[in-house]
>>> print(open('input.cif').read())   # mmCIF, C-alpha atoms
data_model
#
loop_
_atom_site.label_atom_id
_atom_site.label_comp_id
_atom_site.auth_asym_id
_atom_site.auth_seq_id
_atom_site.Cartn_x
_atom_site.Cartn_y
_atom_site.Cartn_z
CA MET A 1 115.85 110.92 180.29
CA ASP A 2 116.19 113.52 183.01
CA ILE A 3 112.69 114.53 183.96
CA ALA A 4 113.82 117.26 186.32
CA ALA A 5 115.45 118.98 183.36
CA SER A 6 112.33 118.94 181.20
CA THR A 7 111.13 122.36 180.21
CA PRO A 8 107.76 123.34 181.61
CA THR A 9 105.66 125.61 179.42
CA PRO A 10 102.90 127.73 180.93
CA ASP A 11 99.88 127.93 178.65
CA ASN A 12 100.22 131.69 178.43
CA ALA A 13 102.92 132.00 175.75
CA SER A 14 103.95 135.53 176.77
CA LYS A 15 104.99 134.17 180.16
CA ARG A 16 107.26 131.38 178.97
CA PRO A 17 110.80 131.70 180.27
CA ARG A 18 113.28 132.89 177.66
CA THR A 19 116.49 132.04 179.49
CA GLU A 20 117.98 128.95 181.13
CA ARG A 21 117.80 130.71 184.47
CA GLY A 22 114.13 131.47 183.88
CA ARG A 23 113.44 127.83 183.04
CA LYS A 24 115.11 126.75 186.29
CA THR A 25 113.01 129.20 188.31
CA LEU A 26 109.83 127.98 186.67
CA ARG A 27 110.84 124.36 187.38
CA LYS A 28 111.47 125.25 191.03
CA LEU A 29 108.06 126.92 191.30
CA LEU A 30 106.26 123.89 189.81
CA ASP A 31 108.14 121.44 192.05
CA ALA A 32 107.35 123.60 195.09
CA ALA A 33 103.70 123.84 193.99
CA ALA A 34 103.49 120.02 193.77
CA ILE A 35 104.57 119.77 197.42
CA GLU A 36 102.40 122.67 198.60
CA PHE A 37 99.23 121.47 196.83
CA GLY A 38 100.00 117.83 197.65
CA GLU A 39 100.43 118.47 201.37
CA ARG A 40 97.85 121.19 201.96
CA GLY A 41 95.29 120.76 199.19
CA PHE A 42 94.25 123.52 196.80
CA HIS A 43 92.17 125.58 199.20
CA GLU A 44 94.73 125.70 202.03
CA ALA A 45 97.71 126.14 199.70
CA SER A 46 99.04 129.67 199.19
CA ILE A 47 101.25 131.46 196.69
CA SER A 48 103.55 132.57 199.53
CA GLY A 49 103.80 128.92 200.62
CA ILE A 50 104.89 128.00 197.11
CA THR A 51 107.53 130.75 196.79
CA ARG A 52 108.84 129.96 200.30
CA ARG A 53 109.31 126.31 199.36
CA ALA A 54 110.85 127.30 196.02
CA GLY A 55 113.19 129.82 197.65
CA THR A 56 112.16 132.47 195.14
CA ALA A 57 110.83 136.00 195.53
CA LEU A 58 107.09 136.60 195.25
CA GLY A 59 107.80 138.67 192.13
CA SER A 60 109.21 135.59 190.38
CA PHE A 61 105.88 133.86 190.84
CA TYR A 62 104.04 136.67 189.06
CA THR A 63 106.57 136.61 186.24
CA TYR A 64 105.09 133.25 185.26
CA PHE A 65 101.62 132.99 186.80
CA ASP A 66 98.74 135.34 187.53
CA SER A 67 97.09 133.31 190.27
CA LYS A 68 97.00 130.14 192.37
CA ASP A 69 94.48 128.72 189.88
CA GLU A 70 96.90 129.32 187.03
CA ILE A 71 99.87 127.54 188.62
CA PHE A 72 97.58 124.66 189.64
CA GLN A 73 96.46 124.26 186.02
CA ALA A 74 100.09 124.43 184.83
CA LEU A 75 101.06 121.84 187.45
CA VAL A 76 98.40 119.33 186.33
CA HIS A 77 99.61 119.81 182.75
CA ASP A 78 103.23 119.41 183.89
CA LEU A 79 102.56 116.23 185.93
CA SER A 80 100.53 114.74 183.10
CA GLY A 81 103.43 115.42 180.72
CA ARG A 82 106.00 113.98 183.11
CA VAL A 83 104.04 110.73 183.54
CA LYS A 84 103.88 110.52 179.75
CA ALA A 85 107.62 111.20 179.36
CA HIS A 86 108.54 108.71 182.08
CA ALA A 87 106.55 105.94 180.39
CA ALA A 88 107.82 106.90 176.93
CA ALA A 89 111.43 106.65 178.07
CA ARG A 90 110.76 103.10 179.28
CA LEU A 91 108.95 102.20 176.06
CA GLU A 92 111.85 103.05 173.75
CA GLY A 93 113.24 100.26 171.62
CA GLU A 94 111.67 97.25 169.97
CA LYS A 95 109.26 95.41 172.21
CA ASP A 96 106.13 93.37 171.81
CA ALA A 97 102.99 95.21 172.88
CA LEU A 98 102.41 93.33 176.15
CA THR A 99 105.99 93.78 177.33
CA GLY A 100 105.59 97.47 176.49
CA GLU A 101 102.42 97.76 178.58
CA ARG A 102 104.09 95.97 181.48
CA ASP A 103 107.08 98.30 181.35
CA ALA A 104 104.85 101.39 181.04
CA LEU A 105 102.94 100.36 184.19
CA SER A 106 106.13 99.57 186.08
CA ALA A 107 107.50 103.00 185.15
CA PHE A 108 104.25 104.65 186.25
CA LEU A 109 104.31 102.86 189.62
CA GLU A 110 107.90 103.96 190.22
CA PHE A 111 107.05 107.54 189.28
CA ALA A 112 103.98 107.55 191.57
CA ARG A 113 106.03 106.22 194.51
CA GLU A 114 108.58 108.98 194.03
CA HIS A 115 105.85 111.60 193.56
CA LYS A 116 103.04 110.45 195.81
CA GLU A 117 101.46 113.91 195.62
CA ILE A 118 100.45 113.25 192.00
CA TYR A 119 97.29 111.35 192.93
CA ARG A 120 95.99 114.03 195.24
CA ILE A 121 96.72 116.78 192.72
CA ILE A 122 95.20 115.03 189.69
CA ASP A 123 92.20 113.94 191.80
CA GLU A 124 91.68 117.44 193.19
CA SER A 125 91.74 118.86 189.65
CA GLU A 126 88.31 117.22 189.18
CA PHE A 127 87.00 119.99 191.46
CA VAL A 128 89.47 122.83 190.93
CA ASP A 129 90.00 122.56 187.16
CA PRO A 130 87.65 119.96 185.63
CA GLU A 131 88.87 120.53 182.07
CA SER A 132 92.46 119.64 183.02
CA TYR A 133 91.22 116.54 184.85
CA ARG A 134 89.32 115.35 181.82
CA ASN A 135 92.17 116.20 179.44
CA HIS A 136 94.63 114.23 181.56
CA TYR A 137 92.59 111.04 181.30
CA GLU A 138 91.41 111.53 177.70
CA ASN A 139 95.01 112.08 176.58
CA THR A 140 96.36 109.15 178.60
CA ALA A 141 93.67 106.82 177.19
CA GLN A 142 94.46 108.03 173.67
CA ARG A 143 98.16 107.15 174.10
CA ILE A 144 97.27 103.70 175.43
CA LEU A 145 94.88 103.17 172.52
CA GLU A 146 97.63 104.07 170.04
CA ARG A 147 99.99 101.56 171.67
CA LEU A 148 97.32 98.84 171.66
CA GLN A 149 96.46 99.46 168.02
CA ALA A 150 100.15 99.36 167.08
CA GLY A 151 100.25 95.98 168.84
CA SER A 152 97.28 94.84 166.75
CA ALA A 153 99.01 96.00 163.58
CA ASP A 154 102.15 94.10 164.59
CA GLY A 155 100.08 90.96 165.11
CA ASP A 156 100.83 90.79 168.87
CA LEU A 157 97.30 91.75 169.93
CA ARG A 158 93.73 91.08 168.86
CA PRO A 159 92.68 93.11 165.81
CA ASP A 160 89.48 94.54 167.38
CA LEU A 161 90.92 96.74 170.14
CA GLU A 162 89.20 100.10 170.59
CA GLU A 163 88.72 103.01 172.96
CA ALA A 164 87.00 101.01 175.72
CA HIS A 165 89.95 98.61 175.90
CA ALA A 166 92.26 101.56 176.45
CA TRP A 167 90.05 102.93 179.26
CA ALA A 168 90.01 99.50 180.89
CA VAL A 169 93.83 99.30 180.81
CA MET A 170 94.14 102.86 182.16
CA GLY A 171 91.73 102.09 185.01
CA MET A 172 93.70 98.99 185.99
CA ASN A 173 96.90 101.03 186.04
CA VAL A 174 95.45 103.94 188.03
CA PHE A 175 93.96 101.70 190.74
CA LEU A 176 97.03 99.46 191.00
CA GLY A 177 98.98 102.70 191.48
CA LEU A 178 96.58 103.94 194.18
CA LYS A 179 96.85 100.67 196.10
CA TYR A 180 100.50 99.72 195.57
CA ALA A 181 102.28 103.04 195.04
CA ILE A 182 100.32 105.46 197.26
CA TRP A 183 98.61 103.43 200.01
CA SER A 184 101.18 100.65 200.44
CA ASP A 185 104.64 99.74 199.26
CA ASN A 186 105.02 96.12 200.31
CA ARG A 187 105.04 94.89 196.69
CA THR A 188 107.55 95.77 193.98
CA PRO A 189 106.46 97.66 190.85
CA GLU A 190 107.64 94.70 188.75
CA ASP A 191 105.51 92.26 190.75
CA ILE A 192 102.38 94.39 190.27
CA ALA A 193 103.15 95.06 186.60
CA ASP A 194 103.50 91.30 186.05
CA ILE A 195 100.02 90.71 187.52
CA ALA A 196 98.47 93.30 185.22
CA SER A 197 100.42 91.94 182.28
CA GLY A 198 99.12 88.45 183.03
CA ILE A 199 95.55 89.76 182.78
CA LEU A 200 96.26 91.48 179.46
CA LYS A 201 97.98 88.37 178.13
CA ASN A 202 95.56 85.60 179.07
CA GLY A 203 92.75 87.07 181.15
CA LEU A 204 91.67 85.35 184.36
CA SER A 205 90.31 82.13 182.82
CA LYS A 206 91.60 78.77 183.88
CA MET B 1 65.41 94.58 194.88
CA ASP B 2 64.03 98.04 195.54
CA ILE B 3 67.00 100.21 196.36
CA ALA B 4 64.88 103.25 197.21
CA ALA B 5 63.28 101.23 200.00
CA SER B 6 66.56 100.14 201.55
CA THR B 7 67.00 101.27 205.12
CA PRO B 8 69.87 103.69 205.66
CA THR B 9 71.62 103.48 209.01
CA PRO B 10 73.59 106.44 210.35
CA ASP B 11 76.77 105.35 212.11
CA ASN B 12 75.58 106.90 215.35
CA ALA B 13 73.27 104.17 216.67
CA SER B 14 71.31 106.49 218.95
CA LYS B 15 70.19 108.43 215.89
CA ARG B 16 68.83 105.52 213.89
CA PRO B 17 65.17 105.95 212.97
CA ARG B 18 62.85 103.74 215.03
CA THR B 19 59.71 104.12 212.89
CA GLU B 20 58.81 103.60 209.25
CA ARG B 21 58.11 107.32 208.98
CA GLY B 22 61.55 108.07 210.42
CA ARG B 23 63.18 105.75 207.90
CA LYS B 24 61.39 107.56 205.06
CA THR B 25 62.54 110.95 206.35
CA LEU B 26 66.13 109.74 206.61
CA ARG B 27 65.94 108.30 203.07
CA LYS B 28 64.62 111.67 201.80
CA LEU B 29 67.47 113.51 203.52
CA LEU B 30 70.12 111.23 202.02
CA ASP B 31 68.62 111.44 198.52
CA ALA B 32 68.46 115.23 198.84
CA ALA B 33 72.05 115.31 200.12
CA ALA B 34 73.19 113.31 197.07
CA ILE B 35 71.72 115.97 194.77
CA GLU B 36 72.94 118.91 196.88
CA PHE B 37 76.54 117.60 197.23
CA GLY B 38 76.54 116.30 193.64
CA GLU B 39 75.50 119.63 192.15
CA ARG B 40 77.23 122.09 194.46
CA GLY B 41 80.17 120.16 195.92
CA PHE B 42 80.83 119.77 199.64
CA HIS B 43 82.01 123.31 200.37
CA GLU B 44 79.14 125.11 198.62
CA ALA B 45 76.49 122.66 199.81
CA SER B 46 74.42 123.64 202.87
CA ILE B 47 72.21 121.90 205.39
CA SER B 48 69.34 124.26 204.52
CA GLY B 49 69.82 123.34 200.84
CA ILE B 50 69.48 119.67 201.79
CA THR B 51 66.33 120.12 203.89
CA ARG B 52 64.77 122.36 201.21
CA ARG B 53 65.34 119.67 198.56
CA ALA B 54 64.07 117.00 200.96
CA GLY B 55 60.99 119.02 201.88
CA THR B 56 61.68 118.48 205.58
CA ALA B 57 62.06 120.84 208.50
CA LEU B 58 65.54 121.80 209.68
CA GLY B 59 64.77 120.02 212.97
CA SER B 60 64.39 116.71 211.10
CA PHE B 61 67.97 117.04 209.88
CA TYR B 62 69.29 117.38 213.41
CA THR B 63 67.26 114.38 214.52
CA TYR B 64 69.62 112.27 212.42
CA PHE B 65 72.81 114.28 211.87
CA ASP B 66 74.92 116.72 213.85
CA SER B 67 76.61 118.43 210.91
CA LYS B 68 77.19 118.67 207.16
CA ASP B 69 80.28 116.48 207.62
CA GLU B 70 78.20 113.80 209.31
CA ILE B 71 75.57 113.55 206.57
CA PHE B 72 78.32 113.54 203.93
CA GLN B 73 79.97 110.59 205.66
CA ALA B 74 76.61 108.80 205.96
CA LEU B 75 75.96 109.50 202.26
CA VAL B 76 79.26 107.95 201.12
CA HIS B 77 78.46 104.90 203.26
CA ASP B 78 74.93 104.79 201.81
CA LEU B 79 76.06 105.09 198.17
CA SER B 80 78.75 102.47 198.71
CA GLY B 81 76.11 100.12 200.14
CA ARG B 82 73.66 100.81 197.32
CA VAL B 83 76.27 100.00 194.66
CA LYS B 84 76.99 96.79 196.51
CA ALA B 85 73.28 95.89 196.80
CA HIS B 86 72.62 96.72 193.14
CA ALA B 87 75.44 94.42 191.98
CA ALA B 88 74.46 91.69 194.46
CA ALA B 89 70.87 91.65 193.15
CA ARG B 90 72.22 91.06 189.63
CA LEU B 91 74.61 88.38 190.82
CA GLU B 92 71.95 86.15 192.38
CA GLY B 93 71.54 82.65 190.97
CA GLU B 94 74.01 80.17 189.55
CA LYS B 95 76.48 81.73 187.14
CA ASP B 96 80.02 81.15 186.07
CA ALA B 97 82.44 83.72 187.48
CA LEU B 98 83.02 85.66 184.24
CA THR B 99 79.32 86.00 183.50
CA GLY B 100 78.92 87.21 187.08
CA GLU B 101 81.63 89.88 186.65
CA ARG B 102 80.06 91.01 183.38
CA ASP B 103 76.64 91.34 185.00
CA ALA B 104 78.08 93.13 188.05
CA LEU B 105 79.75 95.71 185.76
CA SER B 106 76.62 96.15 183.67
CA ALA B 107 74.61 96.72 186.88
CA PHE B 108 77.18 99.24 188.10
CA LEU B 109 77.11 101.17 184.81
CA GLU B 110 73.31 101.34 184.93
CA PHE B 111 73.40 102.52 188.54
CA ALA B 112 76.03 105.18 187.74
CA ARG B 113 73.98 106.49 184.79
CA GLU B 114 70.93 106.84 187.02
CA HIS B 115 72.98 108.40 189.83
CA LYS B 116 75.66 110.39 188.04
CA GLU B 117 76.37 112.32 191.25
CA ILE B 118 77.99 109.21 192.74
CA TYR B 119 81.35 109.81 191.09
CA ARG B 120 81.65 113.39 192.27
CA ILE B 121 80.62 112.46 195.83
CA ILE B 122 82.91 109.43 196.18
CA ASP B 123 85.77 111.37 194.54
CA GLU B 124 85.25 114.38 196.81
CA SER B 125 85.34 112.11 199.86
CA GLU B 126 89.08 111.73 199.20
CA PHE B 127 89.38 115.32 200.48
CA VAL B 128 86.39 115.68 202.82
CA ASP B 129 86.46 112.27 204.52
CA PRO B 130 89.55 110.26 203.48
CA GLU B 131 88.71 107.27 205.68
CA SER B 132 85.35 106.77 203.95
CA TYR B 133 87.04 107.07 200.56
CA ARG B 134 89.54 104.40 201.42
CA ASN B 135 86.93 102.14 203.02
CA HIS B 136 84.76 102.36 199.92
CA TYR B 137 87.54 101.05 197.66
CA GLU B 138 89.02 98.56 200.12
CA ASN B 139 85.57 97.04 200.69
CA THR B 140 84.72 96.96 197.00
CA ALA B 141 88.04 95.28 196.15
CA GLN B 142 87.47 92.74 198.92
CA ARG B 143 84.07 91.79 197.47
CA ILE B 144 85.58 91.40 193.99
CA LEU B 145 88.40 89.27 195.42
CA GLU B 146 85.87 86.99 197.12
CA ARG B 147 83.99 86.56 193.83
CA LEU B 148 87.20 85.84 191.92
CA GLN B 149 88.37 83.30 194.48
CA ALA B 150 84.97 81.60 194.40
CA GLY B 151 85.45 81.38 190.63
CA SER B 152 88.86 79.78 191.17
CA ALA B 153 87.34 77.28 193.61
CA ASP B 154 84.65 76.41 191.06
CA GLY B 155 87.31 75.82 188.43
CA ASP B 156 86.15 78.69 186.18
CA LEU B 157 89.14 80.92 186.90
CA ARG B 158 92.89 80.54 187.39
CA PRO B 159 93.82 79.25 190.86
CA ASP B 160 96.35 82.02 191.65
CA LEU B 161 94.07 85.08 191.83
CA GLU B 162 94.86 87.53 194.63
CA GLU B 163 94.30 91.05 195.87
CA ALA B 164 96.06 92.79 192.97
CA HIS B 165 93.78 91.06 190.46
CA ALA B 166 90.77 92.41 192.34
CA TRP B 167 92.19 95.97 192.29
CA ALA B 168 92.82 95.65 188.55
CA VAL B 169 89.22 94.57 187.92
CA MET B 170 87.89 97.37 190.14
CA GLY B 171 90.00 99.96 188.31
CA MET B 172 88.71 98.78 184.93
CA ASN B 173 85.14 99.06 186.17
CA VAL B 174 85.58 102.51 187.75
CA PHE B 175 87.17 104.03 184.63
CA LEU B 176 84.73 102.40 182.22
CA GLY B 177 82.01 103.93 184.41
CA LEU B 178 83.66 107.38 184.33
CA LYS B 179 83.93 107.31 180.54
CA TYR B 180 80.72 105.52 179.53
CA ALA B 181 78.27 106.27 182.37
CA ILE B 182 79.29 109.79 183.46
CA TRP B 183 81.05 111.49 180.53
CA SER B 184 79.18 109.88 177.63
CA ASP B 185 76.23 107.62 177.04
CA ASN B 186 76.57 106.62 173.41
CA ARG B 187 77.34 102.97 174.28
CA THR B 188 75.09 100.53 176.12
CA PRO B 189 76.12 99.12 179.53
CA GLU B 190 75.97 95.62 177.98
CA ASP B 191 78.34 96.60 175.16
CA ILE B 192 80.91 98.01 177.63
CA ALA B 193 80.49 95.08 180.04
CA ASP B 194 81.14 92.68 177.12
CA ILE B 195 84.42 94.46 176.32
CA ALA B 196 85.61 94.19 179.94
CA SER B 197 84.45 90.58 180.10
CA GLY B 198 86.44 89.81 176.96
CA ILE B 199 89.59 91.10 178.65
CA LEU B 200 88.94 88.99 181.76
CA LYS B 201 88.21 85.96 179.62
CA ASN B 202 91.08 85.95 177.14
CA GLY B 203 93.15 89.10 177.64
CA LEU B 204 94.17 91.19 174.65
CA SER B 205 96.46 88.67 172.96
CA LYS B 206 95.85 87.60 169.42
#
>>> encode(input="input.cif", output="structure tokens")
Amino acid sequence: MDIAASTPTPDNASKRPRTERGRKTLRKLLDAAAIEFGERGFHEASISGITRRAGTALGSFYTYFDSKDEIFQALVHDLSGRVKAHAAARLEGEKDALTGERDALSAFLEFAREHKEIYRIIDESEFVDPESYRNHYENTAQRILERLQAGSADGDLRPDLEEAHAWAVMGMNVFLGLKYAIWSDNRTPEDIADIASGILKNGLSK
Amino acid sequence: MDIAASTPTPDNASKRPRTERGRKTLRKLLDAAAIEFGERGFHEASISGITRRAGTALGSFYTYFDSKDEIFQALVHDLSGRVKAHAAARLEGEKDALTGERDALSAFLEFAREHKEIYRIIDESEFVDPESYRNHYENTAQRILERLQAGSADGDLRPDLEEAHAWAVMGMNVFLGLKYAIWSDNRTPEDIADIASGILKNGLSK
């Protein structure tokens, strides 16, 4: 799927773009905001910095957002949705649960390498917009839990998997991404995903 | 071990306390800083807020620290060391590697419940003091790797464990702590540590 073509939707329904041109402008603003917030952080970032990077007039910004806080919140929601869509695209088709988890992590690592700003933005949302931060992780854990429980139902995975297993898998993925997508790139996403998959398959026991 | 009695050491050697009374004052300042930064965040926190909570004179602060940035950095170093010491105390004695990992996680979850501010402070260091943030996780992963490799040498664990396994274990622990020590407390540390230990023992396979 083409992520760049996905349609962002501000939470404020009255401000959603109604035309294709409007959708493109909104996409440009969110992409520019990702760079501006990622490079400068929330407090140093400015609306004029965002519109300059987007190549749009200041008025276009206010067509869709009332404030810097509002576009930041929309951006966290957008990034969270794009991570989800990127993994979902890789998960399509019949697969056993462990292969699915491996492919989802590999897709996430690729996405994070291409969009290194995502860590800083999601992490900064803990301070700027705590509800979005919590929603991002609660929703991600819920999706992982649903995949794990589908794997249990299919007989691939243990029958007793629950919420805490999903949080453990998410934590593994987030920290492998921090280390091998953001802080270093000397290992391939497949290599790292295979390591994580080995843990989920057999643990660390001899 | 008595964590409250541990001796904090500012990075600037000339400012280390030379007397027992000095060590107590420094401990009070760091404990007060943990509450001040944890409740108000770095930008809203103030040196006078720290000394008020510590019940010390402003002059005492400047005996040990030059600035708000400097005590924040010392605090991240202190918290990182206390987490390490708390886990190490639980790890003493002969244990197989998986029991050791379970006990280390259980100790961490207890520590995080008693010191909920630790997540906010470590997380905020990503923005306030990125080097300390990185050091905290690099050092923690290194300790986990050493434990895992000792387990391999003892024949408890697979022989091929490496850095990425340690980052996966650390990520599991950090996110289980976020969910079950900071955001909720309806599960016991032992219950959550058993879930993680089950993954490390046998994975999620049927």
>>> resolve_selection(input="input.cif", expression="the PyMOL selection byres ((chain A and resi 153-170) around 7)", output="VMD selection string")
(chain A and resid 96 to 97 141 144 to 145 148 to 152 171 to 174) or (chain B and resid 172 175 to 176 195 to 196 204 to 206)
>>> resolve_selection(input="input.cif", expression="the PyMOL selection byres ((chain A and resi 191) around 12)", output="CSV table (one decimal) with C-alpha atoms, keeping the file's coordinate frame")
chain,number,residue,atom,x,y,z
A,102,ARG,CA,104.1,96.0,181.5
A,103,ASP,CA,107.1,98.3,181.4
A,105,LEU,CA,102.9,100.4,184.2
A,106,SER,CA,106.1,99.6,186.1
A,109,LEU,CA,104.3,102.9,189.6
A,110,GLU,CA,107.9,104.0,190.2
A,176,LEU,CA,97.0,99.5,191.0
A,180,TYR,CA,100.5,99.7,195.6
A,185,ASP,CA,104.6,99.7,199.3
A,186,ASN,CA,105.0,96.1,200.3
A,187,ARG,CA,105.0,94.9,196.7
A,188,THR,CA,107.6,95.8,194.0
A,189,PRO,CA,106.5,97.7,190.8
A,190,GLU,CA,107.6,94.7,188.8
A,192,ILE,CA,102.4,94.4,190.3
A,193,ALA,CA,103.2,95.1,186.6
A,194,ASP,CA,103.5,91.3,186.0
A,195,ILE,CA,100.0,90.7,187.5
A,196,ALA,CA,98.5,93.3,185.2
A,197,SER,CA,100.4,91.9,182.3
A,198,GLY,CA,99.1,88.4,183.0
B,164,ALA,CA,96.1,92.8,193.0
B,165,HIS,CA,93.8,91.1,190.5
>>> atom_distance(input="input.cif", atom1="CA of Lys24 in chain A", atom2="CA of Thr56 in chain A")
10.9 Å
>>> closest_residue(input="input.cif", among="A:Phe42, A:Phe108, A:Phe72, A:Tyr64", to="chain B", atoms="all atoms listed in the file")
A:Phe42
>>> atom_distance(input="input.cif", atom1="CA of Ser46 in chain B", atom2="CA of Ser67 in chain B")
9.8 Å
>>> atom_distance(input="input.cif", atom1="CA of Lys15 in chain A", atom2="CA of Ile50 in chain A")
18.0 Å
>>> closest_residue(input="input.cif", among="A:Ala87, A:Ala107, A:Leu26, A:Val76", to="Pro130 in chain A", atoms="only C-alpha atoms")
A:Val76
>>> closest_residue(input="input.cif", among="A:Ser80, A:Asp31, A:Ile71, A:Gly100", to="Glu138 in chain A", atoms="only C-alpha atoms")
A:Ser80
>>> residues_near_point(input="input.cif", point="(66.4, 123.2, 198.0)", cutoff="9 Å", atoms="all atoms listed in the file", output="PyMOL selection string")
chain B and resi 32+36+48-55
>>> decode(input="input.cif", residues="range 14-21 of chain A", atoms="all heavy atoms", output="PDB file, in the first residue's frame")
ATOM      1  N   SER A  14     -15.090  19.150  11.387  1.00  0.00           N
ATOM      2  CA  SER A  14     -15.409  20.286  10.526  1.00  0.00           C
ATOM      3  C   SER A  14     -14.199  20.717   9.712  1.00  0.00           C
ATOM      4  O   SER A  14     -14.338  21.416   8.723  1.00  0.00           O
ATOM      5  CB  SER A  14     -15.918  21.453  11.362  1.00  0.00           C
ATOM      6  OG  SER A  14     -14.849  21.968  12.135  1.00  0.00           O
ATOM      7  N   LYS A  15     -12.986  20.291  10.160  1.00  0.00           N
ATOM      8  CA  LYS A  15     -11.784  20.734   9.469  1.00  0.00           C
ATOM      9  C   LYS A  15     -11.238  19.690   8.512  1.00  0.00           C
ATOM     10  O   LYS A  15     -10.157  19.857   7.973  1.00  0.00           O
ATOM     11  CB  LYS A  15     -10.726  21.123  10.505  1.00  0.00           C
ATOM     12  CG  LYS A  15     -11.137  22.363  11.293  1.00  0.00           C
ATOM     13  CD  LYS A  15      -9.944  22.988  11.956  1.00  0.00           C
ATOM     14  CE  LYS A  15     -10.200  24.468  12.241  1.00  0.00           C
ATOM     15  NZ  LYS A  15      -8.965  25.178  12.526  1.00  0.00           N
ATOM     16  N   ARG A  16     -11.921  18.585   8.337  1.00  0.00           N
ATOM     17  CA  ARG A  16     -11.412  17.580   7.404  1.00  0.00           C
ATOM     18  C   ARG A  16     -11.450  18.108   5.980  1.00  0.00           C
ATOM     19  O   ARG A  16     -12.412  18.780   5.590  1.00  0.00           O
ATOM     20  CB  ARG A  16     -12.278  16.308   7.483  1.00  0.00           C
ATOM     21  CG  ARG A  16     -11.937  15.490   8.699  1.00  0.00           C
ATOM     22  CD  ARG A  16     -12.760  14.221   8.743  1.00  0.00           C
ATOM     23  NE  ARG A  16     -12.686  13.669  10.084  1.00  0.00           N
ATOM     24  CZ  ARG A  16     -13.530  12.795  10.595  1.00  0.00           C
ATOM     25  NH1 ARG A  16     -14.548  12.356   9.865  1.00  0.00           N
ATOM     26  NH2 ARG A  16     -13.381  12.336  11.805  1.00  0.00           N
ATOM     27  N   PRO A  17     -10.425  17.793   5.197  1.00  0.00           N
ATOM     28  CA  PRO A  17     -10.425  18.276   3.815  1.00  0.00           C
ATOM     29  C   PRO A  17     -11.536  17.607   3.014  1.00  0.00           C
ATOM     30  O   PRO A  17     -11.816  16.432   3.192  1.00  0.00           O
ATOM     31  CB  PRO A  17      -9.044  17.858   3.297  1.00  0.00           C
ATOM     32  CG  PRO A  17      -8.590  16.765   4.193  1.00  0.00           C
ATOM     33  CD  PRO A  17      -9.240  16.992   5.512  1.00  0.00           C
ATOM     34  N   ARG A  18     -12.155  18.374   2.130  1.00  0.00           N
ATOM     35  CA  ARG A  18     -13.271  17.835   1.345  1.00  0.00           C
ATOM     36  C   ARG A  18     -12.859  17.538  -0.090  1.00  0.00           C
ATOM     37  O   ARG A  18     -13.607  16.932  -0.834  1.00  0.00           O
ATOM     38  CB  ARG A  18     -14.435  18.847   1.326  1.00  0.00           C
ATOM     39  CG  ARG A  18     -14.987  19.105   2.716  1.00  0.00           C
ATOM     40  CD  ARG A  18     -16.409  19.662   2.673  1.00  0.00           C
ATOM     41  NE  ARG A  18     -16.845  19.959   4.045  1.00  0.00           N
ATOM     42  CZ  ARG A  18     -16.679  21.128   4.647  1.00  0.00           C
ATOM     43  NH1 ARG A  18     -16.129  22.135   4.002  1.00  0.00           N
ATOM     44  NH2 ARG A  18     -17.080  21.308   5.890  1.00  0.00           N
ATOM     45  N   THR A  19     -11.684  18.014  -0.476  1.00  0.00           N
ATOM     46  CA  THR A  19     -11.245  17.812  -1.864  1.00  0.00           C
ATOM     47  C   THR A  19      -9.903  17.080  -1.875  1.00  0.00           C
ATOM     48  O   THR A  19      -9.194  17.039  -0.861  1.00  0.00           O
ATOM     49  CB  THR A  19     -11.025  19.171  -2.569  1.00  0.00           C
ATOM     50  OG1 THR A  19      -9.951  19.840  -1.908  1.00  0.00           O
ATOM     51  CG2 THR A  19     -12.285  20.016  -2.531  1.00  0.00           C
ATOM     52  N   GLU A  20      -9.558  16.528  -3.046  1.00  0.00           N
ATOM     53  CA  GLU A  20      -8.274  15.857  -3.212  1.00  0.00           C
ATOM     54  C   GLU A  20      -7.128  16.845  -2.961  1.00  0.00           C
ATOM     55  O   GLU A  20      -6.130  16.506  -2.309  1.00  0.00           O
ATOM     56  CB  GLU A  20      -8.190  15.285  -4.639  1.00  0.00           C
ATOM     57  CG  GLU A  20      -6.920  14.523  -4.945  1.00  0.00           C
ATOM     58  CD  GLU A  20      -6.667  13.347  -3.997  1.00  0.00           C
ATOM     59  OE1 GLU A  20      -7.644  12.816  -3.410  1.00  0.00           O
ATOM     60  OE2 GLU A  20      -5.488  12.982  -3.823  1.00  0.00           O
ATOM     61  N   ARG A  21      -7.288  18.042  -3.447  1.00  0.00           N
ATOM     62  CA  ARG A  21      -6.264  19.057  -3.230  1.00  0.00           C
ATOM     63  C   ARG A  21      -6.094  19.353  -1.740  1.00  0.00           C
ATOM     64  O   ARG A  21      -4.973  19.499  -1.229  1.00  0.00           O
ATOM     65  CB  ARG A  21      -6.648  20.334  -3.985  1.00  0.00           C
ATOM     66  CG  ARG A  21      -5.536  21.334  -4.027  1.00  0.00           C
ATOM     67  CD  ARG A  21      -5.880  22.521  -4.905  1.00  0.00           C
ATOM     68  NE  ARG A  21      -5.019  23.642  -4.575  1.00  0.00           N
ATOM     69  CZ  ARG A  21      -5.295  24.899  -4.843  1.00  0.00           C
ATOM     70  NH1 ARG A  21      -6.428  25.221  -5.463  1.00  0.00           N
ATOM     71  NH2 ARG A  21      -4.461  25.850  -4.511  1.00  0.00           N
TER      72      ARG A  21
END
